[in-house]
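*Asks:* Structure incoming, see below.
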Amino acid sequence: MRTLKDQTVIAGIGQTEFSKASGRSELQLAAEAAKAAIADAGMTPADIDGLVTFTQDSNDELLLMRSLGIPEVRFWSRTPHGGAGAHSTILHAALAVNSGTANAVLVYRAFNERSGRRFGQPNATSTPPGWNWYLPYGLDTPAKTYSLGFQRYMSQYGLTNADFGRYSVVARKHAANNPNAWFYQRPISLDDHQNSRWIVEPILRLLDCCQESDGGVAIVVTSEERARDLPNPSARIAAVADGHTIHGNVMFNYYHPDLTRFPEAEFLARQLYAMAGIGPDDISAAMLYENFSPIVFLQLEALGFCKPGEARDFIADGNIELGGKVPVNTHGGLLGEAYIHGVNNIIEGVRQIRGTSVNQVPSAEHVMVAGGRSGLILGRI
Amino acid sequence: MPRVIPPVPDADDRAFWDGVADDRLLLQRCADCRVVQHPPSPMCPQCQSVDREWFEVSGRGSVYSWIQSHHPTAPDEKPRIVALIDLDEGARIVSNLDGIDLDAVEPGLPVEVFFAEVDGTKLPQFRPVNHG
């Protein structure tokens with residue numbers, strides 16, 4: 001079967017600073033991140049002929065073109081839903097390049113998610129289609145919505161909130177060494193975690209939650225052939241896929257029989273490993289979307305790094321730290337670095353492949369970047 | 001009182017909310033193959049029929065999972081327990097638990113439906129079976 005394996009690369013990555021108040025428009029953040037990514041790819045704006053972002057992104061493609069000075073675009077696309085689908089942008093870009101529809105596709109995501117519209121605040125002004133079943137009962141924030149599923153995982157395997165805190169401590173430890181991270185040089189202890197306030201009792205405390213951030217991230221996807229002429233090392237896209245299952249909602253799927261599992265991520269993992277021709281033991285590091293710490297546990301199990309119910313011990317035994325079996329979120333993740341809707345995880349994956357991460361994993365051959373419902377495996381050229 | 005975001009019934013779920021107004025818990029099923037679908041949808045996912053019908057259920061079920069709903073910047077006056085309830089008829093539904101403390105809830109707890117005005121919005125709610 002013909003697949004996308006090894007046909008395309010990430011040739012350039014760029015970002016703005018990550019902050020709590022950028023002081024400029026989301027369009028400017030997108031343009032600045034894009035400018036940096038295009039330069040990193042050794043290209044000029046005229047080389048870009050495709051654009052992909054989230055449906056949720058506020059930045060109009062035509063306005064971004066005239067800000068950056070991209071004269072002609074032959075392909076654009078948007079991908080639905082939130083950060084669990086962040087990597088779908090790379091799938092669209094890779095498809096466009098591999099089909100010959102575009103030569104170099106710019107993926108971007110930029111927002112003022114702290115100083116502008118905050119995702120974590122209840123929005124009582126409207127009820128989107130399909131939400132009559134949740135909002136009236138009080139499920140009006142992502143933290144509550146996700147926690148209703150996480151609670152079953154905790155009760156099934158006997159976890160407490162302190163078990164989740166052990167992930168938060170690792171994320172902040174990695175962030176503490178990352179000058180890009182909002183929490184640079186600010187590690188936490190498990191006591192700090194346990195002393196932070198409840199957000200959703202008895203599931204999530206404040207330090208289980210991702211940050212709210214302002215910032216922009218951009219990525220240039222092009223062909224493996226084109227990458228040979230570029231100045232900086234590219235990261236090969238060894239596999240990329242979406243993974244959706246029936247009865248899901250943008251943030252959850254309460255209707256799986258067993259909520260201690262993450263069937264979307266299991267479906268995703270099957271596709272990614274089959275396409276790349278490798279397995280979980282071949283993964284050098286993993287960047288896993290974590291709006292909330294428990295989702296890391298579910299993903300570690302779904303992606304095959306440990307068995308169902310084993311994530312607590314897997315994490316407690318140091319396997320996700322530098323030097324461990326599969327270091328996770330070496331930039332600090334969305335808890336420690338910033339919440340740029342998961343797209344900042346992709347550029348950390350590229351840094352690991354290039355060997356330029358501040359928390360570099362020695363000889364990283366393959367890096368998993370996944371968000372439960374979309375993901376990719378990056379490899380060296 | 002809790003700050004309730006009221007439902008906005010549409011063509012696909014109005015029958016459910018009409019049932020709530022009459023103190024009846026209704027679920028949707030396929031008129032052809034009888035598969036129950038909650039949340040409802042305009043087409044049967046098993047046989048693709050658009051002949052949908054509504055039937056009243058016992059309102060009995062058990063607790064699958066639960067949280068306390070309490071937001072630091074927009075607090076409910078009295079925090080509500082939000083739960084996933086597995087109804088005896090086979091569907092899973094989100095609702096609130098009343099008449100029980102957060103610490104006393106456990107997986108599989110038998111519950112039954114009742115109907116209440118919550119912050120001016122009538123909703124199905126659940127309480128432990130044999131509730132005083």
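Letters A, B, ... go to the chains of the structure tokens in the order shown; residues in each chain start at 1; ligands are counted from 1 in the same order.
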Check the DSSP output for the backbone and give back, as number ranges by chain, the residues of segment 201-369 of chain A in helix (DSSP H, G or I).

*Replies:* A: 206-208, 224-227, 263-276, 280-282, 294-302, 311-316, 333-336, 343-354

*Asks:* With only C-alpha atoms counted and 6 Å as the cut-off, give the residues of chain B in contact with chain A, each with its shortest interatomic distance in Å and the pair that gives it, as CSV.

*Replies:*
residue,atom,partner,partner_atom,distance
B:Val4,CA,A:Pro136,CA,5.4
B:Ile5,CA,A:Pro136,CA,4.8
B:Pro6,CA,A:Pro136,CA,5.4
B:Pro7,CA,A:Asn132,CA,4.8
B:Ser65,CA,A:Arg152,CA,5.3
B:Trp66,CA,A:Leu148,CA,5.6
B:Ile67,CA,A:Leu148,CA,5.8
B:Gln68,CA,A:Glu201,CA,5.7
B:Ser95,CA,A:Tyr137,CA,5.8

*Asks:* What lies within 7 Å of segment 97-100 of chain B using only C-alpha atoms, ignoring chain neighbours under 4 positions off, as a PyMOL selection string?

*Replies:* chain B and resi 81-83+104+125-127

*Asks:* Smallest atom-to-atom distance to Leu123 of chain B: which of B:Ala21, B:Val111, B:Val8, B:Ala15, using only C-alpha atoms?

*Replies:* B:Ala21

*Asks:* Quick one: residues within 10 Å of Val36 of chain B, only C-alpha atoms, excluding same-chain residues fewer than 5 positions away - as a list in words?

*Replies:*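 Skipping anything fewer than 5 positions along the chain leaves Leu27, Gln28, Arg29, Cys30, Ala31, Cys44, Pro45, Gln46, Arg52, Glu53, Trp54, Phe55, Glu89, Gly90 and Ala91 of chain B.
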
*Asks:* Convert the current residue selection to file output with C-alpha atoms, as a short mmCIF file (atom, residue, chain, number, x, y, z; two decimals), in the first residue's frame.

*Replies:*
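Output file selection_33.cif is given in full below:
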data_model
loop_
_atom_site.label_atom_id
_atom_site.label_comp_id
_atom_site.auth_asym_id
_atom_site.auth_seq_id
_atom_site.Cartn_x
_atom_site.Cartn_y
_atom_site.Cartn_z
CA LEU B 27 -34.65 8.03 25.22
CA GLN B 28 -34.53 7.74 21.46
CA ARG B 29 -34.48 4.45 19.60
CA CYS B 30 -34.71 3.30 16.02
CA ALA B 31 -38.27 2.50 14.99
CA CYS B 44 -29.79 5.22 13.20
CA PRO B 45 -26.05 4.40 13.19
CA GLN B 46 -26.83 0.69 12.82
CA ARG B 52 -36.88 7.61 15.16
CA GLU B 53 -39.10 7.10 18.21
CA TRP B 54 -38.98 8.02 21.89
CA PHE B 55 -39.79 5.78 24.83
CA GLU B 89 -31.95 0.45 29.55
CA GLY B 90 -28.36 0.57 28.30
CA ALA B 91 -27.64 4.23 27.62
#

*Asks:* Counting only C-alpha atoms, figure out which residue out of B:Phe16, B:Ile85, B:His38, B:Asp32 gets nearest to Glu56 of chain B.

*Replies:*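 The answer is B:Phe16, which sits nearest to Glu56 of chain B.
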
*Asks:* Enumerate as a list in words all residues of segment 223-362 of chain A assigned to strand (DSSP E or B) by DSSP on the backbone, naming them with the chain letters and numbers the document uses.

*Replies:*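 Filtering segment 223-362 of chain A down to strand (DSSP E or B) leaves Ser223, Ala235, Arg236, Ile237, Ala238, Ala239, Val240, Ala241, Asp242, Ala285, Ala286, Met287, Leu288, Phe292 and Val328 of chain A.
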
*Asks:* Pick out the closest residue to Ala285 of chain A from this set: A:Val367, A:Ala94, A:Leu190, A:Ala218. Count only C-alpha atoms.

*Replies:* A:Val367

*Asks:* Quick one, how far is atom CA of Asn180 of chain A from atom CA of Gly82 of chain A?

*Replies:*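 Between atom CA of Asn180 of chain A and atom CA of Gly82 of chain A the gap works out to 22.8 Å.
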
*Asks:* Would you mind listing what lies within 10 Å of Leu207 of chain A as JSON, numbers by chain, with only C-alpha atoms counted and same-chain residues fewer than 3 positions away left out?

*Replies:* {"A": [164, 165, 167, 168, 169, 172, 188, 190, 192, 193, 194, 195, 196, 197, 198, 199, 204, 210, 211, 292, 293, 335, 336]}

*Asks:* Near segment 47-53 of chain A, within 7 Å and counting only C-alpha atoms, which residues show up once chain neighbours fewer than 6 positions away are dropped, as JSON, numbers by chain?

*Replies:* {"A": [70, 72, 73, 74, 75, 76, 77, 78, 79, 89, 93, 102, 103, 104, 105, 106, 107, 108, 109]}

*Asks:* Keeping only C-alpha atoms, write the selected residues to a file as a PDB file, in the first residue's frame.

*Replies:*
ATOM      1  CA  ILE A  70       3.606  35.436   0.066  1.00  0.00           C
ATOM      2  CA  GLU A  72       0.728  33.129  -4.502  1.00  0.00           C
ATOM      3  CA  VAL A  73      -0.894  30.258  -2.600  1.00  0.00           C
ATOM      4  CA  ARG A  74      -2.198  27.199  -4.426  1.00  0.00           C
ATOM      5  CA  PHE A  75      -3.455  25.173  -1.449  1.00  0.00           C
ATOM      6  CA  TRP A  76      -4.938  25.829   1.955  1.00  0.00           C
ATOM      7  CA  SER A  77      -6.801  23.831   4.519  1.00  0.00           C
ATOM      8  CA  ARG A  78      -7.981  23.920   8.104  1.00  0.00           C
ATOM      9  CA  THR A  79      -8.321  21.123  10.616  1.00  0.00           C
ATOM     10  CA  THR A  89      -2.233  20.133  10.310  1.00  0.00           C
ATOM     11  CA  ALA A  93       0.479  19.678   4.691  1.00  0.00           C
ATOM     12  CA  ALA A 102       1.967  22.364  -3.117  1.00  0.00           C
ATOM     13  CA  ASN A 103       5.744  22.595  -2.819  1.00  0.00           C
ATOM     14  CA  ALA A 104       6.150  24.096   0.648  1.00  0.00           C
ATOM     15  CA  VAL A 105       3.315  24.381   3.139  1.00  0.00           C
ATOM     16  CA  LEU A 106       3.326  26.746   6.113  1.00  0.00           C
ATOM     17  CA  VAL A 107       1.511  25.415   9.194  1.00  0.00           C
ATOM     18  CA  TYR A 108       0.711  28.060  11.814  1.00  0.00           C
ATOM     19  CA  ARG A 109      -1.143  28.524  15.091  1.00  0.00           C
TER      20      ARG A 109
END

*Asks:* Find the residue from A:Ala286, A:Ala238, A:Val250, A:Leu95 that sits nearest to Leu322 of chain A; use only C-alpha atoms when measuring.

*Replies:*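 Answer, going by the shortest atom-to-atom distance: A:Ala286.
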
*Asks:* Find the distance between atom CA of Ala37 of chain A and atom CA of Val220 of chain A and write it in Å to one decimal.

*Replies:* 6.3 Å

*Asks:* Write out as a ChimeraX atom specification the residues lying within 6 Å of segment 17-20 of chain A, counting only C-alpha atoms and excluding same-chain residues fewer than 6 positions away.

*Replies:* /A:114,213-215

*Asks:* Based on the selection just made, write C-alpha atoms of those residues as an mmCIF file, in the first residue's frame.

*Replies:*
data_model
loop_
_atom_site.group_PDB
_atom_site.id
_atom_site.type_symbol
_atom_site.label_atom_id
_atom_site.label_comp_id
_atom_site.auth_asym_id
_atom_site.auth_seq_id
_atom_site.Cartn_x
_atom_site.Cartn_y
_atom_site.Cartn_z
ATOM 1 C CA ARG A 114 -4.261 34.318 28.093
ATOM 2 C CA SER A 213 -0.455 31.398 26.968
ATOM 3 C CA ASP A 214 0.004 34.025 24.289
ATOM 4 C CA GLY A 215 2.219 33.129 21.373
#

*Asks:* Calculated over only C-alpha atoms, which of the candidates A:Glu337, A:Glu321, A:Glu212, A:Glu348 has the smallest distance to Leu378 of chain A?

*Replies:*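 Looking at the shortest contact to Leu378 of chain A, the residue is A:Glu348.
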
*Asks:* Choose the residue, out of B:Arg60, B:Lys78, B:Arg14, B:Arg24, that has the smallest atom-to-atom separation from Ser41 of chain B; count only C-alpha atoms.

*Replies:*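 Among the listed residues, the smallest separation from Ser41 of chain B belongs to B:Arg14.
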
*Asks:* Atom CA of Pro39 of chain B to atom CA of Pro124 of chain B: how many Å, to one decimal?

*Replies:*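 So the answer is 14.4 Å.
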